[in-house]
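Shown next: entry-v7.txt, given as compact mmCIF, C-alpha atoms.
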```txt
# COMPACT_ATOMS: atom_id res chain seq x y z
CA MET E 868 14.51 162.93 -142.10
CA ARG E 869 12.87 165.55 -139.93
CA LEU E 870 10.20 166.09 -142.58
CA VAL E 871 9.45 162.36 -142.74
CA LEU E 872 9.11 162.23 -138.96
CA ASN E 873 6.77 165.22 -139.03
CA ILE E 874 4.58 163.67 -141.71
CA LEU E 875 4.51 160.42 -139.75
CA ALA E 876 3.49 162.28 -136.60
CA VAL E 877 0.71 164.10 -138.49
CA LEU E 878 -0.60 160.80 -139.87
CA ILE E 879 -0.47 159.00 -136.52
CA LEU E 880 -2.01 161.85 -134.51
CA GLY E 881 -4.63 162.58 -137.18
CA THR E 882 -5.65 158.91 -137.42
CA ALA E 883 -5.88 158.61 -133.64
CA LEU E 884 -7.94 161.78 -133.41
CA GLY E 885 -10.25 160.71 -136.28
CA LEU E 886 -10.81 157.25 -134.76
CA ALA E 887 -11.45 158.77 -131.34
CA ALA E 888 -14.03 161.15 -132.82
CA THR E 889 -15.84 158.26 -134.54
CA TRP E 890 -15.76 156.17 -131.36
CA LEU E 891 -17.09 159.09 -129.33
CA VAL E 892 -19.89 159.85 -131.75
CA VAL E 893 -20.94 156.22 -132.21
CA SER E 894 -20.53 154.90 -128.67
CA ARG E 895 -21.16 157.79 -126.40
CA LEU E 896 -23.72 160.04 -128.05
CA GLY E 897 -27.37 159.14 -128.37
CA PHE E 898 -29.13 159.24 -131.72
CA GLY E 899 -32.14 161.22 -130.69
CA SER E 900 -32.96 164.41 -132.47
CA VAL E 901 -36.41 165.16 -131.08
CA SER E 902 -36.95 165.38 -127.33
CA ASP E 903 -40.06 165.02 -125.25
CA GLY E 904 -39.01 165.42 -121.61
CA PRO E 905 -36.20 162.93 -120.96
CA TRP E 906 -37.22 160.83 -123.98
CA ARG E 907 -35.40 161.21 -127.28
CA THR E 908 -36.45 159.94 -130.67
CA SER E 909 -35.49 160.46 -134.27
CA LEU E 910 -37.65 161.07 -137.29
CA LEU E 911 -35.34 159.30 -139.69
CA VAL E 912 -34.48 156.00 -137.98
CA GLY E 913 -34.42 153.22 -140.55
CA SER E 914 -34.86 155.56 -143.49
CA ALA E 915 -32.35 156.08 -146.28
CA GLN E 916 -32.55 159.84 -145.65
CA SER E 917 -30.78 159.49 -142.32
CA GLY E 918 -27.33 161.05 -142.45
CA PRO E 919 -24.05 159.26 -141.68
CA TYR E 920 -24.11 160.26 -138.00
CA LEU E 921 -27.64 159.02 -137.35
CA ARG E 922 -27.11 155.87 -139.39
CA ALA E 923 -23.90 155.01 -137.52
CA ASN E 924 -25.60 155.65 -134.18
CA VAL E 925 -28.65 153.58 -135.01
CA ALA E 926 -26.40 150.76 -136.22
CA ARG E 927 -24.65 150.81 -132.85
CA HIS E 928 -27.60 151.46 -130.49
CA GLY E 929 -30.73 150.43 -132.36
CA LEU E 930 -29.80 148.18 -135.28
CA LEU E 931 -32.73 146.86 -137.34
CA ALA E 932 -35.09 149.53 -136.03
CA LEU E 933 -38.20 150.13 -138.12
CA ALA E 934 -39.04 153.41 -139.82
CA ARG E 935 -41.34 155.69 -137.84
CA GLY E 936 -44.57 155.01 -139.73
CA GLU E 937 -44.36 151.45 -138.40
CA THR E 938 -42.71 151.90 -135.02
CA MET E 939 -41.42 154.82 -132.99
CA TYR E 940 -38.67 154.35 -130.46
CA TYR E 941 -38.16 156.78 -127.58
CA THR E 942 -35.09 156.29 -125.42
CA ALA E 943 -34.32 157.83 -122.03
CA ASP E 944 -31.09 157.58 -120.08
CA HIS E 945 -31.99 160.48 -117.77
CA ASP E 946 -34.96 161.05 -115.49
CA SER E 947 -37.32 164.01 -115.82
CA GLY E 948 -35.07 165.97 -113.41
CA GLY E 949 -32.10 165.59 -115.76
CA GLU E 950 -30.16 163.03 -113.64
CA TRP E 951 -28.71 159.83 -115.12
CA LEU E 952 -30.89 156.76 -114.58
CA ASP E 953 -29.20 154.77 -111.83
CA GLY E 954 -30.04 151.22 -110.68
CA ASN E 955 -29.52 152.27 -107.06
CA CYS E 956 -32.55 154.57 -107.29
CA ILE E 957 -36.28 153.90 -107.39
CA TYR E 958 -38.13 155.48 -110.31
CA ARG E 959 -41.82 156.03 -110.87
CA ILE E 960 -42.72 156.17 -114.57
CA GLU E 961 -46.11 157.85 -114.74
CA GLY E 962 -48.38 158.71 -117.61
CA ARG E 963 -51.26 157.77 -119.85
CA GLU E 964 -51.33 155.01 -122.41
CA PRO E 965 -49.63 156.38 -125.52
CA SER E 966 -51.45 156.58 -128.84
CA ALA E 967 -50.41 153.37 -130.57
CA ARG E 968 -51.71 149.94 -131.43
CA TRP E 969 -49.23 148.40 -129.01
CA TRP E 970 -46.60 149.88 -126.68
CA SER E 971 -43.95 148.73 -124.26
CA ILE E 972 -41.29 150.15 -121.94
CA THR E 973 -38.11 148.05 -121.62
CA ALA E 974 -35.01 148.55 -119.44
CA TYR E 975 -31.50 147.99 -120.84
CA GLY E 976 -28.06 147.91 -119.22
CA PRO E 977 -25.20 150.18 -120.28
CA ASP E 978 -24.18 147.60 -122.92
CA ASP E 979 -27.60 147.98 -124.66
CA TYR E 980 -28.70 144.44 -123.74
CA LEU E 981 -31.28 143.20 -121.22
CA MET E 982 -30.04 143.06 -117.64
CA LYS E 983 -29.94 139.69 -115.88
CA ASN E 984 -32.55 139.20 -113.15
CA LYS E 985 -34.02 136.09 -111.57
CA TYR E 986 -37.57 137.01 -112.52
CA ASN E 987 -36.91 137.13 -116.29
CA MET E 988 -38.83 140.42 -116.42
CA TRP E 989 -37.60 143.33 -118.49
CA SER E 990 -40.61 145.27 -119.71
CA ILE E 991 -44.16 146.44 -119.14
CA SER E 992 -46.45 146.70 -122.13
CA GLY E 993 -49.95 147.76 -123.04
CA GLU E 994 -50.92 144.10 -122.54
CA THR E 995 -49.41 143.71 -119.06
CA VAL E 996 -49.75 147.16 -117.47
CA GLN E 997 -52.26 147.61 -114.66
CA LEU E 998 -54.08 150.89 -115.16
CA ARG E 999 -55.53 153.04 -112.40
CA SER E 1000 -59.22 153.92 -112.45
CA ASP E 1001 -58.49 157.17 -114.31
CA SER E 1002 -56.67 155.22 -117.07
CA THR E 1003 -53.24 156.43 -116.00
CA PHE E 1004 -50.41 154.14 -114.98
CA ALA E 1005 -47.45 154.17 -112.59
CA ILE E 1006 -44.59 151.80 -113.41
CA THR E 1007 -41.76 151.25 -110.94
CA ALA E 1008 -38.18 150.69 -112.12
CA SER E 1009 -36.06 149.54 -109.18
CA LYS E 1010 -33.74 146.84 -107.85
CA HIS E 1011 -36.25 145.72 -105.23
CA ARG E 1012 -39.58 144.22 -106.07
CA ALA E 1013 -42.63 146.47 -106.43
CA PRO E 1014 -46.13 144.95 -106.03
CA THR E 1015 -47.36 145.90 -109.53
CA ASN E 1016 -46.06 147.26 -112.83
CA TRP E 1017 -42.47 146.50 -111.91
CA ILE E 1018 -39.44 146.64 -114.22
CA PRO E 1019 -36.42 145.19 -112.38
CA VAL E 1020 -33.10 146.98 -112.94
CA THR E 1021 -29.64 146.25 -111.61
CA GLN E 1022 -26.92 148.38 -110.09
CA GLY E 1023 -25.30 150.98 -112.32
CA ARG E 1024 -26.57 153.06 -115.18
CA PHE E 1025 -29.47 151.89 -117.30
CA SER E 1026 -31.75 153.24 -119.98
CA LEU E 1027 -35.36 152.80 -121.02
CA THR E 1028 -36.91 152.39 -124.47
CA LEU E 1029 -40.55 153.18 -125.13
CA ARG E 1030 -41.78 151.43 -128.27
CA LEU E 1031 -44.93 152.53 -130.07
CA TYR E 1032 -46.00 149.97 -132.67
CA ASN E 1033 -48.27 151.50 -135.32
CA PRO E 1034 -48.26 154.90 -133.59
CA GLY E 1035 -51.27 157.19 -133.90
CA ALA E 1036 -51.16 159.78 -136.69
CA GLY E 1037 -50.80 162.62 -134.14
CA VAL E 1038 -47.59 161.08 -132.78
CA VAL E 1039 -46.07 160.40 -136.21
CA ASP E 1040 -46.74 164.01 -137.26
CA ASP E 1041 -45.56 165.54 -133.99
CA PRO E 1042 -43.16 163.14 -132.21
CA ALA E 1043 -42.20 165.79 -129.64
CA ASN E 1044 -45.73 165.73 -128.31
CA ALA E 1045 -46.43 162.04 -127.81
CA MET E 1046 -47.57 162.37 -124.18
CA VAL E 1047 -44.69 160.14 -123.12
CA PRO E 1048 -44.59 159.28 -119.40
CA LYS E 1049 -42.63 161.25 -116.81
CA ILE E 1050 -39.71 159.49 -115.11
CA ARG E 1051 -39.63 160.62 -111.50
CA ARG E 1052 -36.79 159.68 -109.15
CA VAL E 1053 -38.32 158.71 -105.81
CA VAL E 1054 -35.27 157.89 -103.70
CA CYS E 1055 -31.75 156.54 -104.07
CA VAL E 1056 -30.31 153.81 -101.89
CA SER E 1057 -26.78 152.53 -101.95
CA MET K 83 5.01 179.29 -135.46
CA LYS K 84 4.13 178.73 -139.11
CA LYS K 85 5.40 175.15 -138.84
CA LEU K 86 3.25 174.49 -135.79
CA LEU K 87 0.19 175.84 -137.56
CA LEU K 88 0.90 173.63 -140.55
CA PHE K 89 1.30 170.67 -138.22
CA ILE K 90 -2.06 171.31 -136.52
CA VAL K 91 -3.86 171.82 -139.83
CA GLY K 92 -2.32 168.60 -141.11
CA VAL K 93 -3.43 166.63 -138.04
CA LEU K 94 -6.97 168.03 -138.29
CA ALA K 95 -7.19 167.28 -142.01
CA VAL K 96 -6.09 163.66 -141.51
CA ALA K 97 -8.45 163.37 -138.51
CA GLY K 98 -11.35 164.68 -140.60
CA VAL K 99 -10.77 162.18 -143.41
CA VAL K 100 -10.28 159.24 -141.02
CA HIS K 101 -13.38 160.26 -139.04
CA TYR K 102 -15.58 160.54 -142.14
CA VAL K 103 -14.37 157.30 -143.71
CA THR K 104 -14.77 155.26 -140.50
CA LEU K 105 -18.16 156.85 -139.80
CA ILE K 106 -19.65 155.90 -143.17
CA GLN K 107 -18.14 152.41 -142.90
CA THR K 108 -19.63 151.82 -139.42
CA PRO K 109 -23.19 150.70 -140.36
CA GLY K 110 -21.96 148.27 -143.03
CA PHE K 111 -19.33 146.90 -140.65
CA ILE K 112 -21.82 146.36 -137.81
CA MET K 113 -24.42 144.89 -140.18
CA LYS K 114 -21.90 142.43 -141.63
CA ARG K 115 -20.89 141.28 -138.14
CA VAL K 116 -24.52 140.83 -137.06
CA MET K 117 -25.39 138.91 -140.24
CA MET K 118 -22.47 136.55 -139.66
CA LYS K 119 -23.65 135.93 -136.09
CA MET K 120 -27.16 135.12 -137.30
CA GLY K 121 -26.03 132.10 -139.29
CA GLU K 122 -26.16 130.74 -142.82
CA GLU K 123 -27.30 133.11 -145.57
CA ASN K 124 -30.52 132.63 -147.57
CA THR K 125 -31.98 130.41 -144.86
CA ILE K 126 -34.46 131.26 -142.11
CA HIS K 127 -33.38 131.20 -138.48
CA HIS K 128 -36.14 131.24 -135.86
CA GLN K 129 -34.54 132.78 -132.80
CA ASP K 130 -35.40 131.70 -129.28
CA LYS K 131 -37.31 133.94 -126.93
CA VAL K 132 -35.25 137.02 -126.03
CA THR K 133 -33.54 136.90 -122.63
CA ALA K 134 -30.61 138.66 -120.92
CA ASP K 135 -28.38 136.11 -122.66
CA SER K 136 -29.48 137.28 -126.15
CA ARG K 137 -26.44 139.08 -127.52
CA GLY K 138 -27.14 139.09 -131.28
CA VAL K 139 -28.63 142.54 -131.83
CA VAL K 140 -28.63 145.47 -129.40
CA ARG K 141 -31.79 146.52 -127.54
CA PRO K 142 -33.98 143.52 -128.43
CA SER K 143 -37.59 143.52 -127.27
CA PRO K 144 -38.37 140.67 -124.84
CA ASP K 145 -42.02 140.89 -125.95
CA LEU K 146 -41.27 139.94 -129.55
CA LEU K 147 -40.24 136.71 -131.27
CA TYR K 148 -37.68 137.28 -134.01
CA SER K 149 -37.05 135.20 -137.13
CA VAL K 150 -34.33 136.28 -139.56
CA CYS K 151 -33.00 135.48 -143.03
CA PRO K 152 -29.63 137.07 -143.79
CA PHE K 153 -29.49 137.20 -147.61
CA ASP K 154 -27.01 137.48 -150.45
CA LEU K 155 -28.65 138.06 -153.84
CA THR K 156 -25.43 138.01 -155.88
CA ASN K 157 -26.39 134.74 -157.62
CA GLY K 158 -30.16 134.77 -157.39
CA ALA K 159 -33.21 135.95 -155.48
CA LEU K 160 -34.93 135.15 -152.19
CA HIS K 161 -38.50 133.82 -152.04
CA VAL K 162 -40.03 134.83 -148.71
CA THR K 163 -43.33 133.31 -147.62
CA ALA K 164 -45.14 133.46 -144.29
CA PRO K 165 -48.60 133.08 -142.81
CA VAL K 166 -49.61 135.92 -140.50
CA PRO K 167 -50.30 134.79 -136.93
CA PRO K 168 -53.87 135.89 -136.09
CA GLY K 169 -54.75 138.34 -133.35
CA THR K 170 -51.36 139.85 -132.62
CA TYR K 171 -48.89 142.38 -134.01
CA TRP K 172 -46.63 140.88 -136.69
CA SER K 173 -44.40 142.41 -139.34
CA VAL K 174 -41.87 141.48 -141.99
CA SER K 175 -39.18 144.05 -142.68
CA LEU K 176 -36.24 144.20 -145.07
CA PHE K 177 -32.93 145.93 -144.38
CA ASP K 178 -30.10 146.65 -146.81
CA GLU K 179 -26.44 146.24 -145.93
CA GLN K 180 -26.25 149.89 -144.86
CA THR K 181 -28.97 149.17 -142.23
CA ASN K 182 -31.71 151.08 -144.10
CA ASN K 183 -35.21 149.67 -143.65
CA PHE K 184 -36.41 149.55 -147.27
CA TYR K 185 -39.60 147.52 -146.91
CA VAL K 186 -42.08 146.71 -144.16
CA LYS K 187 -45.50 145.09 -144.06
CA ASN K 188 -47.45 144.38 -140.88
CA ASP K 189 -50.25 141.91 -140.11
CA LYS K 190 -53.00 144.43 -140.94
CA GLN K 191 -51.49 145.21 -144.35
CA ALA K 192 -50.55 141.62 -145.20
CA LYS K 193 -54.08 140.22 -144.84
CA GLY K 194 -53.33 136.62 -143.92
CA SER K 195 -49.98 135.94 -145.57
CA VAL K 196 -47.02 137.36 -147.45
CA ASP K 197 -45.35 136.06 -150.60
CA LEU K 198 -42.35 138.17 -151.63
CA LEU K 199 -39.52 137.83 -154.12
CA VAL K 200 -36.57 139.87 -152.84
CA THR K 201 -34.33 140.56 -155.79
CA LEU K 202 -31.80 142.86 -157.44
CA PRO K 203 -33.14 144.91 -160.42
CA MET K 204 -31.74 142.82 -163.30
CA ALA K 205 -31.89 139.37 -161.71
CA ASP K 206 -32.57 136.55 -164.18
CA VAL K 207 -34.52 134.11 -162.01
CA LYS K 208 -37.64 132.01 -162.51
CA ARG K 209 -40.24 134.10 -160.73
CA PRO K 210 -42.66 132.21 -158.47
CA SER K 211 -46.23 133.02 -159.54
CA GLY K 212 -48.12 135.29 -157.19
CA ALA K 213 -45.03 136.64 -155.44
CA THR K 214 -44.73 140.42 -154.99
CA GLU K 215 -41.38 141.62 -156.23
CA VAL K 216 -39.37 143.76 -153.80
CA LEU K 217 -36.18 145.33 -155.16
CA SER K 218 -33.24 145.35 -152.77
CA PRO K 219 -30.84 148.33 -153.00
CA THR K 220 -27.90 146.07 -152.08
CA ALA K 221 -27.01 142.42 -152.73
CA LYS K 222 -26.66 141.67 -149.05
CA GLY K 223 -29.23 142.39 -146.37
CA LEU K 224 -31.65 140.91 -143.92
CA VAL K 225 -35.28 139.83 -143.69
CA LEU K 226 -36.65 140.24 -140.16
CA PHE K 227 -39.97 138.90 -138.87
CA ARG K 228 -41.35 140.30 -135.60
CA THR K 229 -44.18 138.53 -133.79
CA LEU K 230 -45.63 139.98 -130.59
CA ILE K 231 -46.27 137.60 -127.70
CA ASN K 232 -49.43 139.45 -126.67
CA ASP K 233 -50.20 136.91 -123.95
CA GLU K 234 -47.94 134.21 -122.49
CA LYS K 235 -50.91 131.82 -122.67
CA ASN K 236 -50.85 132.15 -126.48
CA PHE K 237 -47.10 131.59 -126.76
CA ALA K 238 -47.20 128.03 -128.16
CA ALA K 239 -49.80 128.90 -130.80
CA ILE K 240 -48.06 132.11 -131.90
CA ASP K 241 -44.67 130.40 -131.97
CA ALA K 242 -46.01 127.53 -134.09
CA VAL K 243 -47.38 129.91 -136.75
CA ARG K 244 -44.31 132.17 -136.92
CA ARG K 245 -42.14 129.08 -137.49
CA LYS K 246 -44.01 128.46 -140.75
CA ALA K 247 -42.30 131.50 -142.30
CA ASN K 248 -39.69 130.50 -144.86
CA CYS K 249 -36.92 131.92 -147.07
CA VAL K 250 -35.93 129.90 -150.15
CA PHE K 251 -33.08 130.92 -152.42
CA ILE K 252 -33.77 130.81 -156.18
CA ARG K 253 -30.55 130.59 -158.14
CA SER K 254 -30.32 132.81 -161.23
CA ARG K 255 -30.43 131.06 -164.61
CA ALA K 256 -27.08 132.53 -165.67
CA SER K 257 -25.07 131.38 -162.67
```
Just give me the structure as structure tokens.
Amino acid sequence: MRLVLNILAVLILGTALGLAATWLVVSRLGFGSVSDGPWRTSLLVGSAQSGPYLRANVARHGLLALARGETMYYTADHDSGGEWLDGNCIYRIEGREPSARWWSITAYGPDDYLMKNKYNMWSISGETVQLRSDSTFAITASKHRAPTNWIPVTQGRFSLTLRLYNPGAGVVDDPANAMVPKIRRVVCVS
Amino acid sequence: MKKLLLFIVGVLAVAGVVHYVTLIQTPGFIMKRVMMKMGEENTIHHQDKVTADSRGVVRPSPDLLYSVCPFDLTNGALHVTAPVPPGTYWSVSLFDEQTNNFYVKNDKQAKGSVDLLVTLPMADVKRPSGATEVLSPTAKGLVLFRTLINDEKNFAAIDAVRRKANCVFIRSRAS
């Protein structure tokens, strides 16, 4: 009887631990394997060579993503100072236009979907960005409206995805050196 | 002491097996759920513009228009045809039931239109002439069209062309 109870306890505890490990890996950990500042990307998204961990993570956080020759996805949930992105703060996303046929930066809520806002604005792209005279840009991610290049976010944590459609050969070969923009926290308000 | 050690090793061994099995099942499980949400198989579904209410697939791009055909090739093949909208980014991509992206063609590569027959290796179907055969690693999967709204002013024109894409199921001769 004692042996049966012990086996049962091993099975129950082991199953709980195994499920918790899968949940943790799939829900809580990002799938990036190459970092460029706060931005993470993976070389194997969408490809059959991706291992079970990457494939499970992509299925959860970036299902139906294209392989990197077609599109590269960089995701940031921290700023360049290493702090979590927080909707109560104002962020300046500064850089040069990345090497790609088309690019965009989109904000997502903690559930990986677009956040509700009355402006129906969620992204800035190569088509909509206003460049400065030296061809650089400054995008503002904040709750309150910014005059140009504004991505509205809401209270709580959020993340950003930079998409490069048909990335330049230099980026595909060296994803850690894509000249991705810096994400600078300006100020936090409660 | 020995019993405790045995207990811990047992728990870890069970945890390892459960973790591995659930991990490798995750992509197929998520894909199946998403395909069911998308609607009827072997038919094209032109999705509305992405908004904060779009809850089908995680991290959608609000700058793209998506059209999808969830497929099941068990009893046939899928004939996929589409004109390429001019002057904007467009692509057709195929995913297997494990979420792998096994085929992609964009507007620059497609040169005006695509005509594909998505099929399993030994499928006995009447092949449409001119269609490029694409072998699917799994019976179930998804065709996904992406069309970039490069300018809101062009929305109606771009939307009209992307809605001409079609997926037609060709039943195998044996079934």
Could you tell me how far CA of Phe111 in chain K sits from CA of Ala926 in chain E, in Å to one decimal place? 9.2 Å
Mind listing as a ChimeraX atom specification which residues of chain K are within 9 Å of chain E, counting only C-alpha atoms? /K:89-90,92-102,104-110,112-113,132-137,139-145,171,175-177,180-184,186-188,224,226,232-233
Just to confirm, what's the straight-line distance from CA of Leu952 in chain E to CA of Arg1052 in chain E in Å (one decimal)?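 Answer for the CA of Leu952 in chain E to CA of Arg1052 in chain E separation: 8.5 Å.
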Between K:Arg244, K:Lys119, K:Arg209, K:His128, which one has atoms that come closest to Ile231 in chain K, using all atoms listed in the file?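 Among the listed residues, the smallest separation from Ile231 in chain K belongs to K:Arg244.
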Pairwise distance for CA of Ile960 in chain E and CA of Gly169 in chain K, rounded to one decimal in Å: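 Between CA of Ile960 in chain E and CA of Gly169 in chain K the gap works out to 28.6 Å.
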Residue contacts of Ser902 in chain E (9 Å, all atoms listed in the file) excluding same-chain residues fewer than 6 positions away, as a VMD selection string: chain E and resid 908 to 909 941 1042 to 1044
I'd like the neighbourhood of Phe251 in chain K as a ChimeraX atom specification, where a residue qualifies if any of its atoms comes within 10 Å (using only C-alpha atoms), though same-chain residues fewer than 6 positions away should be ignored. /K:123-125,153-155,157-162,199-200
Take the residues from that selection and put them in a file with C-alpha atoms, as a compact mmCIF listing (two decimals), keeping the file's coordinate frame.
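What follows is the written file selection09.txt:
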```txt
# COMPACT_ATOMS: atom_id res chain seq x y z
CA GLU K 123 -27.30 133.11 -145.57
CA ASN K 124 -30.52 132.63 -147.57
CA THR K 125 -31.98 130.41 -144.86
CA PHE K 153 -29.49 137.20 -147.61
CA ASP K 154 -27.01 137.48 -150.45
CA LEU K 155 -28.65 138.06 -153.84
CA ASN K 157 -26.39 134.74 -157.62
CA GLY K 158 -30.16 134.77 -157.39
CA ALA K 159 -33.21 135.95 -155.48
CA LEU K 160 -34.93 135.15 -152.19
CA HIS K 161 -38.50 133.82 -152.04
CA VAL K 162 -40.03 134.83 -148.71
CA LEU K 199 -39.52 137.83 -154.12
CA VAL K 200 -36.57 139.87 -152.84
```
For range 963-977 of chain E, I'd like the enclosing box, axis-aligned and padded by 4 Å on every side, reported as JSON with centre and edge lengths in Å to one decimal.
```
{"center_x": -38.5, "center_y": 152.8, "center_z": -125.3, "size_x": 34.5, "size_y": 17.9, "size_z": 20.2}
```
Which neighbours of His1011 in chain E fall inside 9 Å, counting all atoms listed in the file, when residues of the same chain fewer than 3 positions from it are skipped, and could you give them as a ChimeraX atom specification? /E:957,1008,1019-1020
Neighbour list for Pro1048 in chain E as a VMD selection string, cut-off 8 Å, all atoms listed in the file, skip fewer than 4 positions in-chain: chain E and resid 960 to 963
Next, dump the selected residues to file, keeping only C-alpha atoms, as a JSON list (two decimals), in the frame of the given file.
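Written file, selection11.json:
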```json
[["chain", "number", "residue", "atom", "x", "y", "z"],
["E", 960, "ILE", "CA", -42.72, 156.17, -114.57],
["E", 961, "GLU", "CA", -46.11, 157.85, -114.74],
["E", 962, "GLY", "CA", -48.38, 158.71, -117.61],
["E", 963, "ARG", "CA", -51.26, 157.77, -119.85]]
```
Completion step: range 959-978 of chain E with N, CA and C atoms as a PDB file, in the coordinates of the input:
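Written file, part_8.pdb:
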```
ATOM      1  N   ARG E 959     -40.400 156.188-110.562  1.00  0.00           N
ATOM      2  CA  ARG E 959     -41.820 156.030-110.870  1.00  0.00           C
ATOM      3  C   ARG E 959     -42.019 156.603-112.270  1.00  0.00           C
ATOM      4  N   ILE E 960     -42.490 155.744-113.185  1.00  0.00           N
ATOM      5  CA  ILE E 960     -42.720 156.170-114.570  1.00  0.00           C
ATOM      6  C   ILE E 960     -44.235 156.336-114.707  1.00  0.00           C
ATOM      7  N   GLU E 961     -44.672 157.586-114.825  1.00  0.00           N
ATOM      8  CA  GLU E 961     -46.110 157.850-114.740  1.00  0.00           C
ATOM      9  C   GLU E 961     -46.637 158.515-115.997  1.00  0.00           C
ATOM     10  N   GLY E 962     -47.791 158.075-116.434  1.00  0.00           N
ATOM     11  CA  GLY E 962     -48.380 158.710-117.610  1.00  0.00           C
ATOM     12  C   GLY E 962     -49.672 158.041-118.028  1.00  0.00           C
ATOM     13  N   ARG E 963     -50.068 158.366-119.252  1.00  0.00           N
ATOM     14  CA  ARG E 963     -51.260 157.770-119.850  1.00  0.00           C
ATOM     15  C   ARG E 963     -50.811 156.825-120.959  1.00  0.00           C
ATOM     16  N   GLU E 964     -51.685 155.911-121.333  1.00  0.00           N
ATOM     17  CA  GLU E 964     -51.330 155.010-122.410  1.00  0.00           C
ATOM     18  C   GLU E 964     -51.067 155.818-123.673  1.00  0.00           C
ATOM     19  N   PRO E 965     -49.919 155.600-124.314  1.00  0.00           N
ATOM     20  CA  PRO E 965     -49.630 156.380-125.520  1.00  0.00           C
ATOM     21  C   PRO E 965     -50.523 155.967-126.694  1.00  0.00           C
ATOM     22  N   SER E 966     -50.611 156.845-127.671  1.00  0.00           N
ATOM     23  CA  SER E 966     -51.450 156.580-128.840  1.00  0.00           C
ATOM     24  C   SER E 966     -50.717 155.652-129.798  1.00  0.00           C
ATOM     25  N   ALA E 967     -51.047 154.369-129.719  1.00  0.00           N
ATOM     26  CA  ALA E 967     -50.410 153.370-130.570  1.00  0.00           C
ATOM     27  C   ALA E 967     -51.203 152.080-130.470  1.00  0.00           C
ATOM     28  N   ARG E 968     -51.008 151.214-131.476  1.00  0.00           N
ATOM     29  CA  ARG E 968     -51.710 149.940-131.430  1.00  0.00           C
ATOM     30  C   ARG E 968     -51.158 149.070-130.298  1.00  0.00           C
ATOM     31  N   TRP E 969     -49.864 149.160-130.081  1.00  0.00           N
ATOM     32  CA  TRP E 969     -49.230 148.400-129.010  1.00  0.00           C
ATOM     33  C   TRP E 969     -48.027 149.180-128.514  1.00  0.00           C
ATOM     34  N   TRP E 970     -47.767 149.161-127.210  1.00  0.00           N
ATOM     35  CA  TRP E 970     -46.600 149.880-126.680  1.00  0.00           C
ATOM     36  C   TRP E 970     -45.928 149.058-125.597  1.00  0.00           C
ATOM     37  N   SER E 971     -44.665 149.381-125.359  1.00  0.00           N
ATOM     38  CA  SER E 971     -43.950 148.730-124.260  1.00  0.00           C
ATOM     39  C   SER E 971     -42.834 149.653-123.771  1.00  0.00           C
ATOM     40  N   ILE E 972     -42.455 149.459-122.503  1.00  0.00           N
ATOM     41  CA  ILE E 972     -41.290 150.150-121.940  1.00  0.00           C
ATOM     42  C   ILE E 972     -40.340 149.054-121.448  1.00  0.00           C
ATOM     43  N   THR E 973     -39.091 149.091-121.934  1.00  0.00           N
ATOM     44  CA  THR E 973     -38.110 148.050-121.620  1.00  0.00           C
ATOM     45  C   THR E 973     -36.853 148.699-121.047  1.00  0.00           C
ATOM     46  N   ALA E 974     -36.251 148.042-120.043  1.00  0.00           N
ATOM     47  CA  ALA E 974     -35.010 148.550-119.440  1.00  0.00           C
ATOM     48  C   ALA E 974     -33.806 147.818-120.030  1.00  0.00           C
ATOM     49  N   TYR E 975     -32.737 148.562-120.291  1.00  0.00           N
ATOM     50  CA  TYR E 975     -31.500 147.990-120.840  1.00  0.00           C
ATOM     51  C   TYR E 975     -30.306 148.434-119.990  1.00  0.00           C
ATOM     52  N   GLY E 976     -29.300 147.569-119.921  1.00  0.00           N
ATOM     53  CA  GLY E 976     -28.060 147.910-119.220  1.00  0.00           C
ATOM     54  C   GLY E 976     -27.203 148.829-120.082  1.00  0.00           C
ATOM     55  N   PRO E 977     -26.066 149.259-119.536  1.00  0.00           N
ATOM     56  CA  PRO E 977     -25.200 150.180-120.280  1.00  0.00           C
ATOM     57  C   PRO E 977     -24.628 149.578-121.556  1.00  0.00           C
ATOM     58  N   ASP E 978     -24.683 148.245-121.699  1.00  0.00           N
ATOM     59  CA  ASP E 978     -24.180 147.600-122.920  1.00  0.00           C
ATOM     60  C   ASP E 978     -25.282 147.450-123.973  1.00  0.00           C
TER      61      ASP E 978
END
```
